[in-house]
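A.B. asks: The file below is entry_0.cif, mmCIF, C-alpha atoms:
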```cif
data_entry
#
loop_
_atom_site.label_atom_id
_atom_site.label_comp_id
_atom_site.auth_asym_id
_atom_site.auth_seq_id
_atom_site.Cartn_x
_atom_site.Cartn_y
_atom_site.Cartn_z
CA MET D 5 18.25 -87.20 25.85
CA GLY D 6 17.14 -87.29 22.20
CA LEU D 7 18.65 -85.27 19.37
CA LYS D 8 17.18 -81.75 19.23
CA GLY D 9 17.24 -79.08 16.53
CA ARG D 10 18.35 -75.49 17.02
CA GLU D 11 15.63 -73.14 18.25
CA GLU D 12 15.35 -69.41 18.86
CA SER D 13 14.63 -69.89 22.55
CA THR D 14 18.18 -71.07 23.21
CA TYR D 15 19.59 -67.55 22.73
CA GLY D 16 18.59 -65.80 25.94
CA ASP D 17 16.78 -62.52 26.55
CA PRO D 18 16.16 -60.16 23.62
CA LEU D 19 18.27 -57.03 23.27
CA SER D 20 16.75 -53.58 23.59
CA SER D 21 16.08 -51.35 20.60
CA GLY D 22 19.35 -49.94 19.27
CA VAL D 23 22.22 -50.12 16.78
CA TYR D 24 24.67 -53.02 17.02
CA VAL D 25 27.80 -54.24 15.21
CA VAL D 26 27.26 -57.95 14.56
CA ASN D 27 28.51 -61.11 12.85
CA PHE D 28 26.39 -63.83 11.29
CA SER D 29 25.77 -66.67 13.76
CA ASN D 30 23.46 -69.33 12.27
CA PHE D 31 20.11 -70.20 10.71
CA PHE D 32 17.19 -71.41 12.82
CA PRO D 33 15.15 -73.49 13.41
CA THR D 34 16.79 -76.71 12.25
CA THR D 35 15.92 -80.37 12.02
CA PRO D 36 17.47 -82.75 14.59
CA GLN D 37 20.16 -83.35 11.96
CA GLY D 38 21.01 -79.63 12.03
CA ILE D 39 19.56 -78.76 8.60
CA PRO D 40 17.91 -75.29 8.54
CA THR D 41 14.18 -75.23 7.80
CA LEU D 42 11.83 -72.56 6.49
CA SER D 43 9.16 -70.87 8.62
CA LYS D 44 5.71 -69.53 7.75
CA VAL D 45 4.49 -66.15 8.95
CA SER D 46 0.82 -65.22 9.24
CA TRP D 47 0.96 -61.86 7.44
CA GLN D 48 2.47 -62.98 4.11
CA GLU D 49 2.23 -65.82 1.62
CA SER D 50 5.92 -66.56 1.15
CA SER D 51 8.00 -68.46 3.69
CA VAL D 52 11.03 -67.01 5.47
CA ILE D 53 14.42 -68.30 6.55
CA ARG D 54 15.33 -67.11 10.03
CA TYR D 55 18.81 -66.48 11.37
CA HIS D 56 20.72 -65.14 14.36
CA LEU D 57 23.31 -62.36 14.38
CA SER D 58 25.82 -62.22 17.22
CA VAL D 59 26.80 -58.86 18.70
CA ALA D 60 30.55 -58.42 18.14
CA GLU D 61 31.28 -55.15 19.96
CA GLY D 62 30.14 -53.08 22.93
CA ASP D 63 28.37 -53.80 26.20
CA GLU D 64 26.08 -56.40 24.62
CA ASP D 65 28.99 -58.40 23.13
CA GLY D 66 27.77 -61.96 22.54
CA GLY D 67 24.10 -61.01 22.56
CA SER D 68 21.86 -62.32 19.78
CA VAL D 69 19.72 -60.50 17.22
CA PRO D 70 17.07 -62.69 15.50
CA ALA D 71 16.14 -61.85 11.91
CA SER D 72 14.45 -63.31 8.84
CA ILE D 73 14.70 -63.18 5.03
CA ASN D 74 11.78 -63.61 2.65
CA TRP D 75 12.39 -66.89 0.85
CA GLU D 76 12.93 -65.24 -2.53
CA LEU D 77 16.12 -65.22 -4.57
CA ASP D 78 16.41 -61.41 -4.68
CA SER D 79 16.01 -61.12 -0.90
CA LEU D 80 18.52 -63.90 -0.21
CA ASN D 81 21.16 -62.49 -2.56
CA GLU D 82 20.74 -58.97 -1.17
CA PHE D 83 21.36 -60.41 2.32
CA LEU D 84 24.47 -62.27 1.09
CA GLY D 85 25.83 -59.07 -0.41
CA HIS D 86 25.97 -57.46 3.01
CA PHE D 87 28.27 -60.24 4.22
CA GLY D 88 30.47 -60.43 1.11
CA VAL D 89 29.19 -63.85 0.00
CA SER D 90 28.61 -64.74 -3.65
CA PRO D 91 24.98 -64.90 -4.81
CA PHE D 92 23.02 -68.02 -5.70
CA SER D 93 21.60 -68.65 -9.16
CA LYS D 94 18.51 -70.26 -7.63
CA LEU D 95 17.19 -70.84 -4.13
CA PRO D 96 19.33 -73.41 -2.27
CA SER D 97 18.13 -76.62 -0.65
CA GLY D 98 18.28 -77.27 3.09
CA GLU D 99 21.61 -79.09 2.81
CA GLN D 100 23.05 -76.27 0.72
CA LEU D 101 22.10 -73.90 3.55
CA LEU D 102 24.69 -75.74 5.65
CA ASP D 103 27.31 -74.78 3.05
CA LEU D 104 25.96 -71.24 3.13
CA GLU D 105 26.29 -71.12 6.93
CA GLU D 106 29.91 -72.18 6.56
CA ALA D 107 30.56 -69.47 3.93
CA LEU D 108 28.95 -66.78 6.12
CA GLU D 109 31.09 -67.85 9.07
CA LYS D 110 34.19 -67.91 6.85
CA SER D 111 33.42 -64.36 5.71
CA GLY D 112 33.63 -63.13 9.29
CA LYS D 113 32.45 -59.75 8.08
CA LYS D 114 31.07 -57.35 10.66
CA VAL D 115 27.94 -55.45 9.73
CA CYS D 116 25.83 -52.91 11.56
CA VAL D 117 22.10 -53.38 12.18
CA VAL D 118 19.27 -51.54 13.90
CA THR D 119 16.75 -53.47 16.02
CA ASN D 120 13.19 -52.81 17.19
CA LYS D 121 11.92 -52.75 20.78
CA SER D 122 11.53 -56.55 20.68
CA GLY D 123 15.21 -56.96 19.78
CA TRP D 124 14.51 -58.14 16.22
CA PHE D 125 16.42 -56.97 13.15
CA VAL D 126 14.92 -53.99 11.31
CA ALA D 127 17.54 -52.98 8.73
CA PHE D 128 21.22 -53.01 7.84
CA THR D 129 22.82 -49.67 8.63
CA VAL D 130 26.08 -47.99 9.72
CA PRO D 131 27.13 -46.48 13.07
CA ASP D 132 25.73 -43.04 13.85
CA ASP D 133 27.82 -40.44 11.99
CA SER D 134 27.88 -38.42 8.77
CA TYR D 135 28.75 -40.11 5.46
CA HIS D 136 28.98 -39.60 1.71
CA PHE D 137 26.19 -41.67 0.14
CA LYS D 138 24.84 -42.68 -3.25
CA LEU D 139 21.52 -44.36 -3.98
CA SER D 140 21.73 -48.15 -3.97
CA ASN D 141 18.07 -49.15 -4.39
CA PHE D 142 14.54 -48.76 -3.06
CA SER D 143 12.85 -51.19 -0.69
CA PRO D 144 10.80 -53.21 0.09
CA ARG D 145 10.63 -55.27 -3.08
CA ALA D 146 8.22 -57.78 -4.59
CA GLY D 147 9.08 -59.79 -7.67
CA GLY D 148 12.39 -57.93 -7.90
CA ARG D 149 10.69 -54.50 -8.14
CA PRO D 150 10.42 -51.83 -5.41
CA ILE D 151 6.99 -51.17 -3.88
CA TRP D 152 5.57 -48.86 -1.22
CA TYR D 153 3.91 -50.05 1.99
CA GLU D 154 1.30 -48.62 4.33
CA ARG D 155 2.09 -47.56 7.90
CA GLU D 156 -0.59 -46.54 10.37
CA GLN D 157 -0.02 -43.24 12.18
CA THR D 158 -1.64 -42.14 15.44
CA TRP D 159 -1.63 -38.71 17.06
CA GLN D 160 -3.95 -37.83 19.93
CA ASN D 161 -7.34 -39.19 18.80
CA ARG D 162 -6.52 -39.21 15.09
CA LYS D 163 -5.50 -42.21 13.02
CA TRP D 164 -4.37 -42.25 9.40
CA VAL D 165 -2.26 -44.32 7.02
CA ASN D 166 0.85 -43.11 5.18
CA LYS D 167 2.32 -44.71 2.07
CA GLU D 168 6.06 -45.10 2.61
CA PHE D 169 9.17 -46.66 1.09
CA ARG D 170 12.87 -46.70 1.89
CA ALA D 171 15.73 -45.35 -0.14
CA VAL D 172 18.72 -47.56 0.67
CA LEU D 173 21.84 -45.39 0.45
CA ARG D 174 25.35 -46.81 0.04
CA VAL D 175 28.44 -45.39 1.76
CA ILE D 176 30.98 -44.55 -0.98
CA ASN D 177 34.18 -43.93 1.01
CA GLY D 178 35.76 -44.38 4.44
CA PRO D 179 35.85 -47.36 6.84
CA TRP D 180 32.22 -48.35 6.13
CA VAL D 181 32.47 -48.12 2.33
CA GLY D 182 29.98 -50.43 0.62
CA HIS D 183 27.66 -50.65 3.64
CA THR D 184 24.16 -49.20 3.46
CA SER D 185 21.71 -47.27 5.61
CA PRO D 186 17.96 -46.69 5.14
CA LEU D 187 16.16 -43.40 4.52
CA THR D 188 12.40 -43.58 5.09
CA LEU D 189 10.42 -41.47 2.63
CA GLN D 190 6.72 -40.83 2.18
CA TYR D 191 5.22 -41.93 -1.12
CA SER D 192 3.05 -38.95 -2.03
CA ILE D 193 3.52 -39.21 -5.79
CA LYS D 194 0.34 -38.85 -7.82
CA GLU D 195 -0.73 -38.53 -11.44
CA ASP D 196 -2.73 -35.44 -12.37
CA GLU D 197 -5.50 -35.16 -14.94
CA GLY D 198 -3.00 -34.34 -17.67
CA GLY D 199 -1.04 -37.55 -17.10
CA ASP D 200 1.89 -35.81 -15.42
CA ILE D 201 3.18 -36.94 -12.03
CA GLY D 202 4.24 -34.86 -9.08
CA TYR D 203 4.50 -34.94 -5.31
CA ASN D 204 3.03 -32.95 -2.44
CA GLU D 205 5.39 -30.12 -1.49
CA SER D 206 3.06 -28.57 1.08
CA ASN D 207 4.14 -30.64 4.09
CA LYS D 208 7.40 -31.62 5.75
CA ALA D 209 7.41 -35.17 4.32
CA GLY D 210 6.92 -33.83 0.80
CA LYS D 211 9.74 -31.34 1.19
CA ILE D 212 12.05 -34.10 2.46
CA PHE D 213 11.21 -36.25 -0.57
CA GLY D 214 11.73 -33.26 -2.89
CA ASN D 215 15.14 -32.53 -1.37
CA PHE D 216 16.20 -36.17 -1.74
CA TYR D 217 14.94 -36.25 -5.33
CA ALA D 218 16.95 -33.15 -6.25
CA LEU D 219 20.13 -34.30 -4.47
CA ALA D 220 19.90 -37.70 -6.19
CA GLY D 221 19.87 -35.94 -9.57
CA GLY D 222 16.15 -35.62 -10.28
CA ASN D 223 15.33 -32.94 -12.83
CA PRO D 224 11.73 -31.71 -13.27
CA GLU D 225 12.54 -30.92 -16.92
CA ASP D 226 13.26 -34.59 -17.74
CA ASP D 227 10.53 -36.66 -19.38
CA PHE D 228 9.70 -39.28 -16.76
CA VAL D 229 8.22 -42.43 -18.31
CA TYR D 230 6.46 -44.96 -16.10
CA THR D 231 4.24 -47.99 -16.61
CA ASP D 232 2.04 -47.95 -13.50
CA PRO D 233 0.71 -44.60 -12.18
CA ASN D 234 0.02 -46.25 -8.81
CA ASN D 235 3.69 -47.21 -8.33
CA VAL D 236 6.40 -45.32 -10.20
CA LEU D 237 9.18 -46.58 -7.90
CA PRO D 238 10.71 -49.09 -10.40
CA GLU D 239 11.28 -46.38 -13.02
CA LEU D 240 12.18 -43.74 -10.44
CA GLU D 241 14.81 -46.06 -8.95
CA ALA D 242 16.39 -46.77 -12.36
CA TYR D 243 16.30 -43.08 -13.31
CA LEU D 244 18.01 -41.86 -10.12
CA ILE D 245 20.61 -44.66 -10.02
CA LEU D 246 21.73 -43.61 -13.50
CA LYS D 247 22.27 -40.07 -12.21
CA ASP D 248 24.92 -41.49 -9.83
CA LYS D 249 24.92 -38.43 -7.55
CA ALA D 250 26.68 -38.21 -4.18
CA MET D 251 25.07 -36.61 -1.12
CA ILE D 252 25.91 -36.13 2.55
CA GLY D 253 23.67 -37.76 5.14
CA SER D 254 23.62 -38.04 8.92
CA VAL D 255 22.72 -41.40 10.51
CA VAL D 256 20.98 -41.18 13.88
CA GLY D 257 19.67 -44.28 15.61
CA GLY D 258 20.35 -46.40 12.53
CA PHE D 259 18.32 -44.26 10.09
CA ILE D 260 19.34 -41.42 7.81
CA LYS D 261 17.79 -38.12 8.85
CA GLY D 262 15.79 -36.98 5.84
CA ASP D 263 15.83 -33.33 6.86
CA LYS D 264 19.64 -33.32 7.16
CA LEU D 265 20.53 -34.45 3.63
CA MET D 266 22.73 -32.00 1.75
CA ALA D 267 24.94 -31.71 -1.31
CA PRO D 268 28.70 -32.21 -0.92
CA VAL D 269 31.16 -29.42 -1.67
CA GLY D 270 33.25 -30.19 -4.76
CA GLU D 271 34.02 -33.63 -6.20
CA VAL D 272 33.68 -36.68 -3.95
CA GLU D 273 36.08 -39.60 -4.37
CA GLU D 274 34.28 -42.95 -4.56
CA GLU D 275 36.17 -45.98 -3.27
CA LEU D 276 35.56 -49.63 -4.13
CA PRO D 277 35.46 -52.22 -1.34
CA GLU D 278 38.65 -54.29 -1.42
CA GLU D 279 37.22 -57.58 -0.20
CA LYS D 280 36.75 -60.56 -2.52
CA PRO D 281 33.45 -62.43 -2.18
CA VAL D 282 33.37 -65.75 -0.34
CA VAL D 283 32.07 -68.54 -2.57
CA VAL D 284 29.58 -71.09 -1.24
CA LYS D 285 30.60 -74.72 -1.72
CA SER D 286 27.60 -75.58 -3.86
CA GLU D 287 26.86 -76.48 -7.45
CA GLU D 288 24.25 -73.73 -7.48
CA ALA D 289 26.72 -70.99 -6.55
CA PRO D 290 28.71 -69.12 -9.23
CA LYS D 291 32.20 -70.44 -9.88
CA PRO D 292 35.01 -68.29 -8.40
CA GLU D 293 36.55 -67.56 -11.80
CA LYS D 294 33.29 -65.93 -12.95
CA ILE D 295 33.29 -63.37 -10.18
CA VAL D 296 34.37 -59.97 -11.42
CA GLU D 297 34.91 -56.74 -9.59
CA LYS D 298 31.88 -54.48 -9.86
CA PRO D 299 32.80 -51.50 -12.06
CA LYS D 300 32.07 -47.95 -11.07
CA ARG D 301 28.68 -46.85 -12.38
CA VAL D 302 28.77 -44.54 -15.38
CA ALA D 303 25.51 -42.87 -16.34
CA PRO D 304 24.80 -43.73 -20.01
CA ASP D 305 23.51 -41.28 -22.59
CA LEU D 306 19.74 -41.30 -22.17
CA SER D 307 19.36 -41.30 -25.96
CA ASP D 308 21.07 -44.69 -26.15
CA GLY D 309 18.89 -47.41 -27.74
CA ALA D 310 19.19 -49.57 -24.64
CA THR D 311 17.09 -47.03 -22.79
CA PHE D 312 14.12 -47.88 -25.02
CA LEU D 313 14.67 -51.55 -24.29
CA VAL D 314 14.46 -50.81 -20.55
CA PHE D 315 11.02 -49.30 -21.06
CA LEU D 316 9.89 -52.33 -23.06
CA THR D 317 11.13 -54.79 -20.42
CA ASN D 318 9.32 -52.79 -17.73
CA VAL D 319 6.09 -52.99 -19.72
CA ILE D 320 6.56 -56.74 -20.29
CA GLU D 321 7.28 -57.22 -16.58
CA LYS D 322 4.11 -55.39 -15.54
CA GLU D 323 1.90 -57.14 -18.10
CA THR D 324 3.31 -60.55 -17.18
CA GLN D 325 2.71 -59.91 -13.47
CA ASP D 326 -0.88 -58.83 -14.21
CA LYS D 327 -1.77 -61.53 -16.74
CA LYS D 328 0.39 -64.49 -15.71
CA GLY D 329 0.78 -63.91 -11.98
CA GLY D 330 4.59 -64.02 -11.93
CA PRO D 331 7.75 -62.14 -12.95
CA ALA D 332 8.79 -61.98 -16.61
CA PHE D 333 12.55 -62.15 -16.11
CA LYS D 334 15.05 -64.18 -14.11
CA ASP D 335 18.01 -62.52 -12.36
CA ASP D 336 20.27 -63.34 -15.32
CA GLY D 337 17.95 -61.50 -17.73
CA ARG D 338 16.42 -64.61 -19.32
CA PHE D 339 12.66 -65.03 -19.51
CA THR D 340 10.78 -67.00 -16.88
CA ASP D 341 8.15 -69.48 -18.08
CA GLU D 342 5.50 -66.81 -17.45
CA GLY D 343 7.46 -64.15 -19.34
CA ALA D 344 8.09 -66.47 -22.29
CA ALA D 345 4.40 -67.38 -22.44
CA PHE D 346 3.31 -63.73 -22.38
CA CYS D 347 5.76 -62.77 -25.14
CA ARG D 348 4.76 -65.78 -27.23
CA GLU D 349 1.06 -64.95 -26.93
CA GLN D 350 1.12 -61.12 -26.95
CA VAL D 351 4.42 -59.73 -28.24
CA GLY D 352 5.07 -62.37 -30.90
CA PRO D 353 1.98 -61.59 -33.03
CA ILE D 354 2.83 -57.87 -32.90
CA CYS D 355 6.36 -58.64 -34.14
CA ASP D 356 4.94 -60.75 -36.97
CA ASP D 357 2.64 -57.91 -37.96
CA LEU D 358 5.55 -55.43 -37.92
CA GLY D 359 7.77 -57.79 -39.90
CA CYS D 360 10.51 -57.93 -37.26
CA GLU D 361 12.19 -60.80 -35.43
CA ARG D 362 10.56 -62.24 -32.34
CA ASN D 363 13.52 -61.04 -30.28
CA ILE D 364 13.17 -57.92 -28.13
CA TYR D 365 16.96 -57.50 -28.02
CA LYS D 366 17.15 -57.06 -31.82
CA MET D 367 14.34 -54.51 -32.18
CA THR D 368 14.95 -50.97 -33.35
CA ASP D 369 13.81 -48.09 -31.17
CA GLU D 370 10.89 -47.48 -33.57
CA GLN D 371 9.77 -51.11 -33.32
CA ILE D 372 10.02 -51.01 -29.52
CA VAL D 373 7.79 -47.92 -29.40
CA GLU D 374 5.23 -49.60 -31.69
CA VAL D 375 5.16 -52.76 -29.53
CA ILE D 376 4.67 -50.68 -26.36
CA ASP D 377 1.85 -48.77 -28.06
CA ARG D 378 0.07 -51.96 -29.16
CA LEU D 379 0.36 -53.34 -25.63
CA GLU D 380 -1.88 -50.40 -24.67
CA HIS D 381 0.78 -48.35 -22.85
CA LYS D 382 -0.09 -45.29 -24.88
CA GLN D 383 1.45 -42.68 -22.58
CA VAL D 384 4.82 -44.45 -22.52
CA ALA D 385 4.76 -44.85 -26.30
CA GLY D 386 3.83 -41.19 -26.77
CA LEU D 387 6.72 -39.92 -24.68
CA LEU D 388 9.17 -42.24 -26.41
CA ARG D 389 7.95 -41.06 -29.82
CA LYS D 390 8.60 -37.51 -28.66
CA ARG D 391 12.13 -38.52 -27.72
CA LEU D 392 12.64 -40.14 -31.12
CA ASN D 393 11.47 -36.98 -32.89
CA GLU D 394 13.87 -34.86 -30.82
CA GLU D 395 16.75 -37.04 -31.91
#
```
In structure tokens, what does this structure look like?
C.D. replies:
Amino acid sequence: MGLKGREESTYGDPLSSGVYVVNFSNFFPTTPQGIPTLSKVSWQESSVIRYHLSVAEGDEDGGSVPASINWELDSLNEFLGHFGVSPFSKLPSGEQLLDLEEALEKSGKKVCVVTNKSGWFVAFTVPDDSYHFKLSNFSPRAGGRPIWYEREQTWQNRKWVNKEFRAVLRVINGPWVGHTSPLTLQYSIKEDEGGDIGYNESNKAGKIFGNFYALAGGNPEDDFVYTDPNNVLPELEAYLILKDKAMIGSVVGGFIKGDKLMAPVGEVEEELPEEKPVVVKSEEAPKPEKIVEKPKRVAPDLSDGATFLVFLTNVIEKETQDKKGGPAFKDDGRFTDEGAAFCREQVGPICDDLGCERNIYKMTDEQIVEVIDRLEHKQVAGLLRKRLNEE
């Protein structure tokens, strides 16, 4: 018999839809030499890396859950975070995936997942119960930024499409501290004729979103600055994460019940996970001595100059995506080739005209506002000028 690579079909019958506690098992498929390979899927341009999770508890102990990760650095590093493995600085090669398999096995960390009716992974979650949560991020993501997706709905003879996204909430204390669970929300945010944004409060989905927004610290009196009226999720995510508010949520069937979210009574103690990340044996992985414990989030003063810089980087990101077809920034904050080219061609001449350095990190708030204005993001610039005048 010849040498054969690892395939999905070697893992038996699929599990039923449900919530399972699992360990990482392996990547698939592989070459005959055992090196994991990427797979193409028909509904998206990017490739995926597929993997198996092994059920570690319960009646289905030993069963397998197949899953996949979009072959993008953000998606890969988010996956590694669930298993307590250090992130990569760039996408690894096939041989480095063998080192990654070893690190994931060494971690031995149990996670909880929810599966669909075909037995495939849907999302990371926690066992059904009530928890103290804080917002971790929004998903799905493209180019490192959260986006909404469309989901077709059917009832009787009617069909319609909803815009949806997920708020990923992080458990902040107890045995599952650091683990996350998804909350599905409807994206019904729209811009009115006056340039203000709001959401539909007239239906159940709108009321659920409104309750989440308030519990997460959203304040209708705050000036909310955004760069794309068709998708305010990047700015909304950053705004609510800074609020750093705790809430109580009930997980049922792997998903947080949106209509059961409530505010906690009194102060809630936030714990930090005690585990140290497992480092992948690879030149591309961060060195162990560079790994630092993640500090507790502290919401900065919104009048801080760095806040203006955030708005500028969001504008540069959007313009680079539109004009150059790629992200403006790498994970470490440095410019990509596309971002550098956009700034050289568009931002640089503005800086020369203003008499300031061609360095966005050395600009004053006033210079940042002027650059944003000249990049034709007039509404953002107007709101920031208002903030400057109030100061």
A.B. asks: Let me make sure I understand: among D:Glu105, D:Glu323, D:Glu76, D:Glu275, which one has the smallest atom-to-atom distance to D:Glu349 if we use all atoms listed in the file?
C.D. replies: D:Glu323
A.B. asks: Calculate how many Å separate atom CA of D:Pro331 from atom CA of D:Ser51, rounding to one decimal.
C.D. replies: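 According to the coordinates, atom CA of D:Pro331 and atom CA of D:Ser51 are separated by 17.8 Å.
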A.B. asks: Figure out the distance between atom CA of D:His136 and atom CA of D:Ile252, please, to one decimal in Å.
C.D. replies: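 Separation of atom CA of D:Ile252 and atom CA of D:His136: 4.7 Å.
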A.B. asks: Name the residues in contact with D:Glu154 at a cut-off of 7 Å, using only C-alpha atoms, excluding same-chain residues fewer than 4 positions from it; report them as number ranges by chain.
C.D. replies: D: 165-168
A.B. asks: Might you spell out which residues the PyMOL selection byres ((chain D and resi 32) around 10) would select in the displayed file, as a list of chain:residue names?
C.D. replies: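 This file gives the following for the PyMOL selection byres ((chain D and resi 32) around 10): D:Gly9, D:Arg10, D:Glu11, D:Glu12, D:Ser29, D:Asn30, D:Phe31, D:Pro33, D:Thr34, D:Thr35, D:Gly38, D:Ile39, D:Pro40, D:Thr41, D:Leu42, D:Ser43, D:Ile53, D:Arg54, D:Tyr55, D:His56, D:Pro70, D:Ala71, D:Ser72.
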A.B. asks: Counting all atoms listed in the file, which residue out of D:Val52, D:Val384, D:Val314, D:Val130 sits closest to D:Gly22?
C.D. replies: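 Among the listed residues, D:Val130 lies closest to D:Gly22.
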A.B. asks: Can you translate the PyMOL selection byres ((chain D and resi 388) around 10) into the concrete residues it hits in this file, as a PyMOL selection string?
C.D. replies: chain D and resi 227+229+311-312+315+369-370+372-374+376-377+382-387+389-394
A.B. asks: Quick one: pull the distance between atom CA of D:Val45 and atom CA of D:Val115, Å, one decimal.
C.D. replies: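 Those two atoms sit 25.8 Å apart.
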A.B. asks: Determine the residue set returned by the PyMOL selection byres ((chain D and resi 213) around 12) for the present structure, and present it as number ranges by chain.
C.D. replies: D: 168-171, 187-193, 202-212, 214-220, 222, 261-265
A.B. asks: I want to know what sits within 10 Å of D:Val236, based on only C-alpha atoms, with residues of the same chain fewer than 6 positions away left out; could you give that as a list in words?
C.D. replies: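 Non-adjacent residues within range: Pro150, Ile151, Trp152, Tyr191, Ile193, Lys194, Glu195, Ile201, Phe228, Val229 and Tyr230 of chain D.
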A.B. asks: Give the answer as one residue: which of D:Ile176, D:Val117, D:Val283, D:Val89 has the shortest atom-to-atom distance to D:Val26, using only C-alpha atoms?
C.D. replies: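 The closest residue to D:Val26 is D:Val117.
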A.B. asks: Using all atoms listed in the file, which of D:Gly98, D:Gly258, D:Pro277, D:Pro91 sits nearest D:Ala127?
C.D. replies: D:Gly258
A.B. asks: Determine the nearest neighbour of D:Asn318 from the options D:Pro281, D:Gly148, D:Gly359, D:Gly178, counting only C-alpha atoms.
C.D. replies: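 Selected residue with least distance to D:Asn318: D:Gly148.
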A.B. asks: Smallest atom-to-atom distance to D:Thr317: which of D:Glu197, D:Glu156, D:Glu239, D:Asp226, using only C-alpha atoms?
C.D. replies: D:Glu239
A.B. asks: Excluding D:Glu321 and residues on its chain fewer than 2 positions from it, collect all residues at most 10 Å away from it, counting all atoms listed in the file, and give them as a list in words.
C.D. replies: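 Using all atoms listed in the file, the neighbours found are Gly147, Arg149, Thr231, Phe315, Leu316, Thr317, Asn318, Val319, Glu323, Thr324, Gln325, Asp326, Gly330, Pro331, Ala332, Phe333, Phe339, Glu342, Gly343 and Phe346 of chain D.
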